[in-house]
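Student: Input structure: query-v4.csv, which contains CSV, C-alpha atoms and all ligand atoms.
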```
chain,number,residue,atom,x,y,z
A,1,MET,CA,15.6,8.7,-15.3
A,2,GLN,CA,15.8,5.8,-12.7
A,3,ILE,CA,13.5,3.7,-10.6
A,4,PHE,CA,14.3,2.5,-7.2
A,5,LEU,CA,12.2,0.2,-5.1
A,6,ASP,CA,11.0,1.3,-1.7
A,7,THR,CA,10.8,-2.0,0.2
A,8,ALA,CA,12.6,-4.3,2.6
A,9,ASP,CA,11.1,-7.5,1.1
A,10,TYR,CA,14.0,-9.5,-0.5
A,11,LYS,CA,11.7,-11.7,-2.7
A,12,GLU,CA,9.8,-8.6,-4.0
A,13,ILE,CA,13.2,-7.0,-5.0
A,14,LYS,CA,14.6,-10.2,-6.6
A,15,ASP,CA,11.5,-10.6,-8.7
A,16,ARG,CA,11.5,-7.0,-10.0
A,17,TYR,CA,15.3,-6.9,-10.4
A,18,GLU,CA,14.9,-9.5,-13.1
A,19,THR,CA,13.1,-6.9,-15.3
A,20,GLY,CA,16.4,-4.9,-15.6
A,21,LEU,CA,14.4,-1.7,-14.8
A,22,VAL,CA,15.3,-1.3,-11.1
A,23,SER,CA,18.4,0.7,-10.3
A,24,GLY,CA,18.4,1.0,-6.6
A,25,ILE,CA,16.6,0.4,-3.2
A,26,THR,CA,15.5,2.7,-0.5
A,27,THR,CA,14.7,1.4,3.0
A,28,ASN,CA,13.5,3.0,6.2
A,29,PRO,CA,13.1,1.7,9.8
A,30,THR,CA,9.3,1.3,9.3
A,31,LEU,CA,9.8,-1.0,6.2
A,32,VAL,CA,12.5,-3.0,7.8
A,33,ARG,CA,10.6,-3.5,11.1
A,34,LYS,CA,7.6,-4.8,9.1
A,35,SER,CA,9.8,-7.3,7.2
A,36,GLY,CA,11.2,-8.6,10.4
A,37,VAL,CA,14.8,-8.8,9.2
A,38,SER,CA,18.0,-7.4,10.7
A,39,TYR,CA,18.7,-4.1,9.0
A,40,HIS,CA,22.5,-4.7,8.7
A,41,GLU,CA,22.1,-8.2,7.3
A,42,PHE,CA,19.5,-7.0,4.8
A,43,ILE,CA,21.7,-4.2,3.4
A,44,THR,CA,24.6,-6.7,3.2
A,45,ARG,CA,22.6,-9.2,1.3
A,46,LEU,CA,21.3,-6.7,-1.2
A,47,SER,CA,24.9,-5.5,-1.8
A,48,LYS,CA,26.1,-9.0,-2.3
A,49,ASP,CA,23.3,-10.3,-4.5
A,50,PHE,CA,22.5,-7.3,-6.8
A,51,ASP,CA,24.2,-4.7,-8.9
A,52,PHE,CA,22.5,-1.5,-7.7
A,53,VAL,CA,23.7,2.1,-8.1
A,54,SER,CA,22.4,3.0,-4.7
A,55,ILE,CA,21.0,1.2,-1.6
A,56,SER,CA,19.8,3.6,1.1
A,57,ALA,CA,20.3,2.7,4.7
A,58,GLU,CA,18.7,5.0,7.2
A,59,VAL,CA,20.8,5.9,10.3
A,60,ASN,CA,19.6,6.5,13.8
A,61,GLY,CA,20.8,9.1,16.3
A,62,ASN,CA,19.9,12.3,18.1
A,63,ASN,CA,22.9,14.2,16.9
A,64,ALA,CA,25.4,14.2,14.0
A,65,ASP,CA,28.1,12.2,16.0
A,66,ASP,CA,25.6,9.4,16.7
A,67,MET,CA,24.5,9.4,13.1
A,68,LEU,CA,28.0,9.2,11.8
A,69,GLN,CA,28.9,6.4,14.2
A,70,ASN,CA,25.8,4.5,13.2
A,71,ALA,CA,26.6,5.0,9.5
A,72,GLN,CA,30.0,3.3,9.8
A,73,GLN,CA,28.6,-0.2,9.9
A,74,TYR,CA,26.8,0.4,6.5
A,75,ILE,CA,29.6,2.4,4.8
A,76,ALA,CA,31.8,-0.7,5.2
A,77,ILE,CA,29.4,-2.8,3.2
A,78,GLY,CA,30.0,-1.3,-0.2
A,79,GLU,CA,30.3,2.0,-2.2
A,80,GLU,CA,26.7,1.8,-3.5
A,81,VAL,CA,25.4,2.0,0.1
A,82,THR,CA,23.9,5.4,0.6
A,83,ILE,CA,23.5,6.9,4.1
A,84,LYS,CA,20.0,8.1,4.6
A,85,LEU,CA,19.8,11.1,7.0
A,86,PRO,CA,16.9,13.2,8.3
A,87,LEU,CA,16.5,16.7,7.1
A,88,THR,CA,17.4,18.3,10.4
A,89,LYS,CA,20.3,20.5,11.5
A,90,GLU,CA,22.1,17.4,12.8
A,91,GLY,CA,21.3,15.4,9.8
A,92,LEU,CA,22.7,18.1,7.5
A,93,ILE,CA,25.9,18.4,9.6
A,94,ALA,CA,26.4,14.6,9.2
A,95,CYS,CA,25.6,14.9,5.5
A,96,LYS,CA,28.3,17.5,5.0
A,97,ILE,CA,30.9,15.4,6.7
A,98,LEU,CA,30.0,12.2,4.8
A,99,THR,CA,30.0,14.1,1.5
A,100,GLU,CA,33.6,15.3,2.3
A,101,GLN,CA,34.5,11.6,2.9
A,102,GLY,CA,33.1,10.6,-0.5
A,103,VAL,CA,30.1,8.7,1.0
A,104,LYS,CA,26.8,8.8,-0.9
A,105,THR,CA,23.9,10.4,1.1
A,106,ASN,CA,20.2,10.6,0.8
A,107,VAL,CA,18.6,13.4,2.8
A,108,THR,CA,15.1,12.3,3.6
A,109,LEU,CA,11.8,13.7,5.0
A,110,CYS,CA,11.9,16.8,2.8
A,111,PHE,CA,8.8,19.0,2.7
A,112,SER,CA,9.9,22.4,1.4
A,113,ALA,CA,12.2,23.9,-1.3
A,114,ALA,CA,14.0,25.7,1.5
A,115,GLN,CA,14.9,22.4,3.1
A,116,ALA,CA,16.0,21.1,-0.3
A,117,ALA,CA,18.3,24.1,-0.7
A,118,MET,CA,20.0,23.3,2.6
A,119,ALA,CA,20.5,19.6,1.6
A,120,ALA,CA,22.2,20.7,-1.6
A,121,LEU,CA,24.5,23.1,0.4
A,122,ALA,CA,25.4,20.1,2.6
A,123,GLY,CA,26.4,18.2,-0.6
A,124,ALA,CA,23.6,15.6,-0.5
A,125,THR,CA,23.7,13.0,-3.3
A,126,TYR,CA,19.9,12.7,-3.2
A,127,ILE,CA,17.1,14.8,-1.7
A,128,SER,CA,13.9,12.9,-0.9
A,129,PRO,CA,10.7,15.0,-1.1
A,130,PHE,CA,7.8,12.9,0.4
A,131,VAL,CA,5.2,13.4,-2.3
A,132,GLY,CA,2.3,11.4,-0.8
A,133,ARG,CA,2.7,12.9,2.7
A,134,CYS,CA,2.6,16.4,1.2
A,135,ASN,CA,-0.7,15.5,-0.4
A,136,ASP,CA,-1.9,13.9,2.9
A,137,ASN,CA,-1.3,17.4,4.5
A,138,SER,CA,-3.2,19.4,1.8
A,139,PHE,CA,-0.3,20.7,-0.3
A,140,SER,CA,0.9,19.3,-3.6
A,141,GLY,CA,3.8,16.9,-3.5
A,142,VAL,CA,4.4,17.1,-7.3
A,143,GLU,CA,4.5,20.9,-7.1
A,144,LEU,CA,7.1,20.6,-4.4
A,145,VAL,CA,9.2,18.4,-6.8
A,146,ARG,CA,8.7,21.1,-9.5
A,147,ALA,CA,9.8,23.9,-7.1
A,148,ILE,CA,13.0,22.0,-6.0
A,149,SER,CA,13.8,21.1,-9.6
A,150,GLY,CA,13.5,24.8,-10.6
A,151,LEU,CA,15.7,25.9,-7.7
A,152,TYR,CA,18.3,23.3,-8.4
A,153,GLY,CA,18.3,24.1,-12.1
A,154,VAL,CA,18.8,27.9,-11.6
A,155,GLN,CA,21.5,27.3,-9.0
A,156,ARG,CA,23.1,24.4,-10.9
A,157,CYS,CA,23.0,22.1,-7.8
A,158,GLN,CA,24.4,18.5,-8.3
A,159,THR,CA,22.0,17.0,-5.8
A,160,LYS,CA,19.5,14.6,-7.5
A,161,ILE,CA,15.8,14.7,-6.7
A,162,LEU,CA,14.6,11.2,-5.5
A,163,ALA,CA,10.9,11.5,-5.2
A,164,ALA,CA,9.6,9.3,-2.4
A,165,SER,CA,6.3,8.4,-0.7
A,166,LEU,CA,4.7,7.7,-4.1
A,167,ARG,CA,1.5,5.8,-4.1
A,168,ASP,CA,0.1,6.0,-7.6
A,169,VAL,CA,1.5,5.9,-11.2
A,170,HIS,CA,0.0,9.3,-12.1
A,171,HIS,CA,2.2,11.0,-9.5
A,172,VAL,CA,5.3,9.0,-10.7
A,173,SER,CA,5.1,10.3,-14.2
A,174,ARG,CA,4.4,13.8,-12.9
A,175,CYS,CA,7.6,13.6,-10.8
A,176,PHE,CA,9.7,12.6,-13.8
A,177,LEU,CA,8.1,15.4,-15.8
A,178,TYR,CA,8.8,18.0,-13.1
A,179,GLY,CA,12.4,17.1,-12.8
A,180,ALA,CA,12.9,14.1,-10.4
A,181,SER,CA,15.9,12.1,-11.6
A,182,VAL,CA,14.8,9.1,-9.5
A,183,VAL,CA,11.5,7.8,-8.1
A,184,THR,CA,11.3,5.2,-5.4
A,185,LEU,CA,8.3,3.0,-5.5
A,186,PRO,CA,6.5,0.4,-3.5
A,187,THR,CA,6.4,-2.8,-5.6
A,188,LYS,CA,2.7,-2.6,-6.2
A,189,VAL,CA,3.1,0.9,-7.8
A,190,PHE,CA,6.1,-0.4,-9.9
A,191,ASP,CA,4.0,-3.2,-11.2
A,192,LYS,CA,1.2,-0.8,-12.2
A,193,MET,CA,3.7,1.2,-14.2
A,194,TYR,CA,3.6,-1.2,-17.1
A,195,ASP,CA,0.0,-2.6,-16.6
A,196,HIS,CA,-2.8,-1.0,-18.6
A,197,VAL,CA,-6.3,-2.3,-19.3
A,198,LEU,CA,-6.2,-1.0,-22.9
A,199,THR,CA,-2.9,-2.8,-23.5
A,200,ASP,CA,-4.5,-6.1,-22.3
A,201,ALA,CA,-7.6,-5.5,-24.4
A,202,GLY,CA,-5.6,-4.7,-27.5
A,203,LEU,CA,-3.4,-7.7,-26.9
A,204,ALA,CA,-6.4,-10.0,-26.6
A,205,ILE,CA,-7.6,-8.9,-30.1
A,206,PHE,CA,-4.2,-9.3,-31.6
A,207,GLU,CA,-3.9,-12.8,-30.2
A,208,GLU,CA,-7.2,-13.8,-31.8
A,209,ASP,CA,-6.1,-12.3,-35.1
A,210,PHE,CA,-2.8,-14.2,-34.9
A,211,LYS,CA,-4.7,-17.5,-34.7
A,212,GLN,CA,-6.5,-16.6,-37.9
A,213,LEU,CA,-3.5,-15.6,-39.9
A,214,LYS,CA,-2.8,-17.8,-43.0
A,215,GLU,CA,0.4,-19.9,-42.8
A,301,LIG,O1,10.2,6.5,0.7
A,301,LIG,C1,9.4,6.9,1.8
A,301,LIG,C2,8.2,6.0,2.0
A,301,LIG,O2,8.6,4.8,2.5
A,301,LIG,C3,7.1,6.6,2.8
A,301,LIG,O3,6.0,6.3,2.2
A,301,LIG,O4,3.6,6.0,1.9
A,301,LIG,O5,4.6,5.9,4.2
A,301,LIG,O6,4.4,8.1,3.0
A,301,LIG,P1,4.6,6.6,2.8
```
Please go through the file and, once you have read it, give me the structure as structure tokens.
Tutor:
Amino acid sequence: MQIFLDTADYKEIKDRYETGLVSGITTNPTLVRKSGVSYHEFITRLSKDFDFVSISAEVNGNNADDMLQNAQQYIAIGEEVTIKLPLTKEGLIACKILTEQGVKTNVTLCFSAAQAAMAALAGATYISPFVGRCNDNSFSGVELVRAISGLYGVQRCQTKILAASLRDVHHVSRCFLYGASVVTLPTKVFDKMYDHVLTDAGLAIFEEDFKQLKE
């Protein structure tokens, strides 16, 4: 069971890394555009400053050759760098080639168990079902995670489920329960994972009682 952060904000990452509970980072072009940094510099800095098992860098390109070419700049950064590819025919071709070269891959934008089966056949290290976007489109994201987990279990696939597009803690625990090995979270969802109003209330009572304990 691992938590990755889904952000391109260096300060947010550094702050949560200090908890010792974050194992990796996922990024995408939207997050990097919003943060205003250079994509390559950002991935390089993460690789240098932290000890993550995986840092996903999404590649651009209309065909597998372009994706593979685009991937080279990130592969050179470090072995934890994980090439993020779209779940398309061309993305799967690129995935198979990178897998054969020993490069980690994250096949993203998955919305069906059939797509997840194809990613496993292409040797993907991670498959990323987009839980929140399934829910946005009136089908259950956590049920998709459960379906992929069942399929991978029966077929003994090595590909790990990396549940993405998570927006609340309830869905995070469901994803773990239904077989996701990894969840990737915006920092505000990560922070809510340990916050609970009843913990705060209980702590306030204990603090008062501590003050009244006899020496
Ligand atoms: O990891 C995927 C994520 O960045 C997409 O999240 O909330 O835009 O669907 P969202």
Student: How would you report the residues lying within 6 Å of ligand LIG 301 (chain A), as a PyMOL selection string, if you count only C-alpha atoms and all ligand atoms?
Tutor: chain A and resi 6+132-133+164-165
Student: Between A:Leu213, A:Val22, A:Leu198, A:Val103, which one has atoms that come closest to Ala76 in chain A, using all atoms listed in the file?
Tutor: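 Closest to Ala76 in chain A of all the choices is A:Val103.
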Student: Identify which of the residues A:Gln115, A:Gln69, A:Ser173, A:Thr88 lies closest to Leu185 in chain A, counting only C-alpha atoms when measuring atom-to-atom distances.
Tutor: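 Checking each of A:Gln115, A:Gln69, A:Ser173, A:Thr88 against Leu185 in chain A, counting only C-alpha atoms, the winner is A:Ser173.
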Student: For range 78-84 of chain A, list every protein, DNA or RNA residue within 10 Å, evaluated using all atoms listed in the file, and leave out those in the same chain fewer than 6 positions away; present the list as a ChimeraX atom specification.
Tutor: /A:24-28,43-44,46-48,51-60,67-68,70-72,91,94-95,98,102-109,124-128
Student: Hey, can you check how far CA of Val182 in chain A sits from CA of Asp65 in chain A?
Tutor: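 Separation of CA of Val182 in chain A and CA of Asp65 in chain A: 28.9 Å.
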Student: Work out how far apart CA of Thr7 in chain A and CA of Tyr178 in chain A are and give it in Å to one decimal.
Tutor: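 Calculated distance between CA of Thr7 in chain A and CA of Tyr178 in chain A is 24.1 Å.
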Student: Using only C-alpha atoms, which protein or nucleic acid residues come within 10 Å of Ser149 in chain A? Drop anything in the same chain fewer than 6 positions from it, and give the result as a list in words.
Tutor: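 Close residues of Ser149 in chain A: Ala113, Ala116, Glu143, Gln155, Arg156, Cys157, Thr159, Lys160, Ile161, Cys175, Tyr178, Gly179, Ala180 and Ser181 of chain A.
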Student: Take the residues that were just selected and, keeping C-alpha atoms, output them as a CSV table (one decimal), in the frame of the given file.
Tutor:
```
chain,number,residue,atom,x,y,z
A,113,ALA,CA,12.2,23.9,-1.3
A,116,ALA,CA,16.0,21.1,-0.3
A,143,GLU,CA,4.5,20.9,-7.1
A,155,GLN,CA,21.5,27.3,-9.0
A,156,ARG,CA,23.1,24.4,-10.9
A,157,CYS,CA,23.0,22.1,-7.8
A,159,THR,CA,22.0,17.0,-5.8
A,160,LYS,CA,19.5,14.6,-7.5
A,161,ILE,CA,15.8,14.7,-6.7
A,175,CYS,CA,7.6,13.6,-10.8
A,178,TYR,CA,8.8,18.0,-13.1
A,179,GLY,CA,12.4,17.1,-12.8
A,180,ALA,CA,12.9,14.1,-10.4
A,181,SER,CA,15.9,12.1,-11.6
```
Student: Would you mind telling me which residue in A:Ser112, A:Ala8, A:Ile13, A:Ala64 lies nearest to Val37 in chain A when using all atoms listed in the file?
Tutor: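 Result for the nearest residue to Val37 in chain A: A:Ala8.
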Student: For Lys96 in chain A, find every residue with an atom within 9 Å (counting only C-alpha atoms), except residues of its own chain fewer than 5 positions away, and show them as a list in words.
Tutor: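 Contacts, in chain order: Gly91, Gln101, Ala119, Leu121, Ala122, Gly123 and Ala124 of chain A.
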Student: Skip Cys134 in chain A itself and residues of its chain fewer than 5 positions away, then list as a list of chain:residue names all residues within 10 Å of it, counting only C-alpha atoms.
Tutor: A:Cys110, A:Phe111, A:Ser112, A:Pro129, A:Phe139, A:Ser140, A:Gly141, A:Val142, A:Glu143, A:Leu144, A:Ser165
Student: Mind giving me the straight-line distance from CA of Tyr39 in chain A to CA of Pro186 in chain A in Å, one decimal?
Tutor: 18.0 Å
Student: Just checking: using all atoms listed in the file, which residue out of A:Ala120, A:Met1, A:Ile77, A:Val131 ends up closest to His170 in chain A?
Tutor: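 Among the listed residues, A:Val131 lies closest to His170 in chain A.
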Student: Start from the incomplete input, build N, CA and C atoms for range 111-131 of chain A, and deliver everything as an mmCIF file, keeping the file's coordinate frame.
Tutor:
```cif
data_model
loop_
_atom_site.group_PDB
_atom_site.id
_atom_site.type_symbol
_atom_site.label_atom_id
_atom_site.label_comp_id
_atom_site.auth_asym_id
_atom_site.auth_seq_id
_atom_site.Cartn_x
_atom_site.Cartn_y
_atom_site.Cartn_z
ATOM 1 N N PHE A 111 10.108 18.444 2.943
ATOM 2 C CA PHE A 111 8.800 19.000 2.700
ATOM 3 C C PHE A 111 8.742 20.417 2.220
ATOM 4 N N SER A 112 9.921 20.986 1.908
ATOM 5 C CA SER A 112 9.900 22.400 1.400
ATOM 6 C C SER A 112 11.150 22.561 0.491
ATOM 7 N N ALA A 113 11.039 23.537 -0.417
ATOM 8 C CA ALA A 113 12.200 23.900 -1.300
ATOM 9 C C ALA A 113 13.325 24.437 -0.468
ATOM 10 N N ALA A 114 12.990 25.153 0.597
ATOM 11 C CA ALA A 114 14.000 25.700 1.500
ATOM 12 C C ALA A 114 14.869 24.580 2.086
ATOM 13 N N GLN A 115 14.188 23.538 2.532
ATOM 14 C CA GLN A 115 14.900 22.400 3.100
ATOM 15 C C GLN A 115 15.803 21.752 2.017
ATOM 16 N N ALA A 116 15.268 21.659 0.798
ATOM 17 C CA ALA A 116 16.000 21.100 -0.300
ATOM 18 C C ALA A 116 17.287 21.882 -0.606
ATOM 19 N N ALA A 117 17.175 23.208 -0.496
ATOM 20 C CA ALA A 117 18.300 24.100 -0.700
ATOM 21 C C ALA A 117 19.415 23.757 0.322
ATOM 22 N N MET A 118 19.001 23.562 1.571
ATOM 23 C CA MET A 118 20.000 23.300 2.600
ATOM 24 C C MET A 118 20.651 21.910 2.383
ATOM 25 N N ALA A 119 19.899 20.945 1.899
ATOM 26 C CA ALA A 119 20.500 19.600 1.600
ATOM 27 C C ALA A 119 21.520 19.735 0.494
ATOM 28 N N ALA A 120 21.212 20.557 -0.519
ATOM 29 C CA ALA A 120 22.200 20.700 -1.600
ATOM 30 C C ALA A 120 23.450 21.400 -1.086
ATOM 31 N N LEU A 121 23.300 22.396 -0.197
ATOM 32 C CA LEU A 121 24.500 23.100 0.400
ATOM 33 C C LEU A 121 25.316 22.071 1.205
ATOM 34 N N ALA A 122 24.637 21.079 1.796
ATOM 35 C CA ALA A 122 25.400 20.100 2.600
ATOM 36 C C ALA A 122 25.971 19.001 1.661
ATOM 37 N N GLY A 123 25.742 19.122 0.338
ATOM 38 C CA GLY A 123 26.400 18.200 -0.600
ATOM 39 C C GLY A 123 25.647 16.876 -0.791
ATOM 40 N N ALA A 124 24.363 16.830 -0.411
ATOM 41 C CA ALA A 124 23.600 15.600 -0.500
ATOM 42 C C ALA A 124 23.670 14.999 -1.926
ATOM 43 N N THR A 125 23.818 13.683 -2.036
ATOM 44 C CA THR A 125 23.700 13.000 -3.300
ATOM 45 C C THR A 125 22.285 13.043 -3.826
ATOM 46 N N TYR A 126 21.370 12.740 -2.899
ATOM 47 C CA TYR A 126 19.900 12.700 -3.200
ATOM 48 C C TYR A 126 19.162 13.526 -2.178
ATOM 49 N N ILE A 127 18.083 14.150 -2.644
ATOM 50 C CA ILE A 127 17.100 14.800 -1.700
ATOM 51 C C ILE A 127 15.783 14.029 -1.942
ATOM 52 N N SER A 128 15.148 13.657 -0.838
ATOM 53 C CA SER A 128 13.900 12.900 -0.900
ATOM 54 C C SER A 128 12.679 13.677 -0.486
ATOM 55 N N PRO A 129 11.996 14.381 -1.414
ATOM 56 C CA PRO A 129 10.700 15.000 -1.100
ATOM 57 C C PRO A 129 9.662 13.839 -0.946
ATOM 58 N N PHE A 130 8.842 13.911 0.105
ATOM 59 C CA PHE A 130 7.800 12.900 0.400
ATOM 60 C C PHE A 130 6.494 13.325 -0.253
ATOM 61 N N VAL A 131 6.308 12.947 -1.501
ATOM 62 C CA VAL A 131 5.200 13.400 -2.300
ATOM 63 C C VAL A 131 3.821 13.091 -1.639
#
```
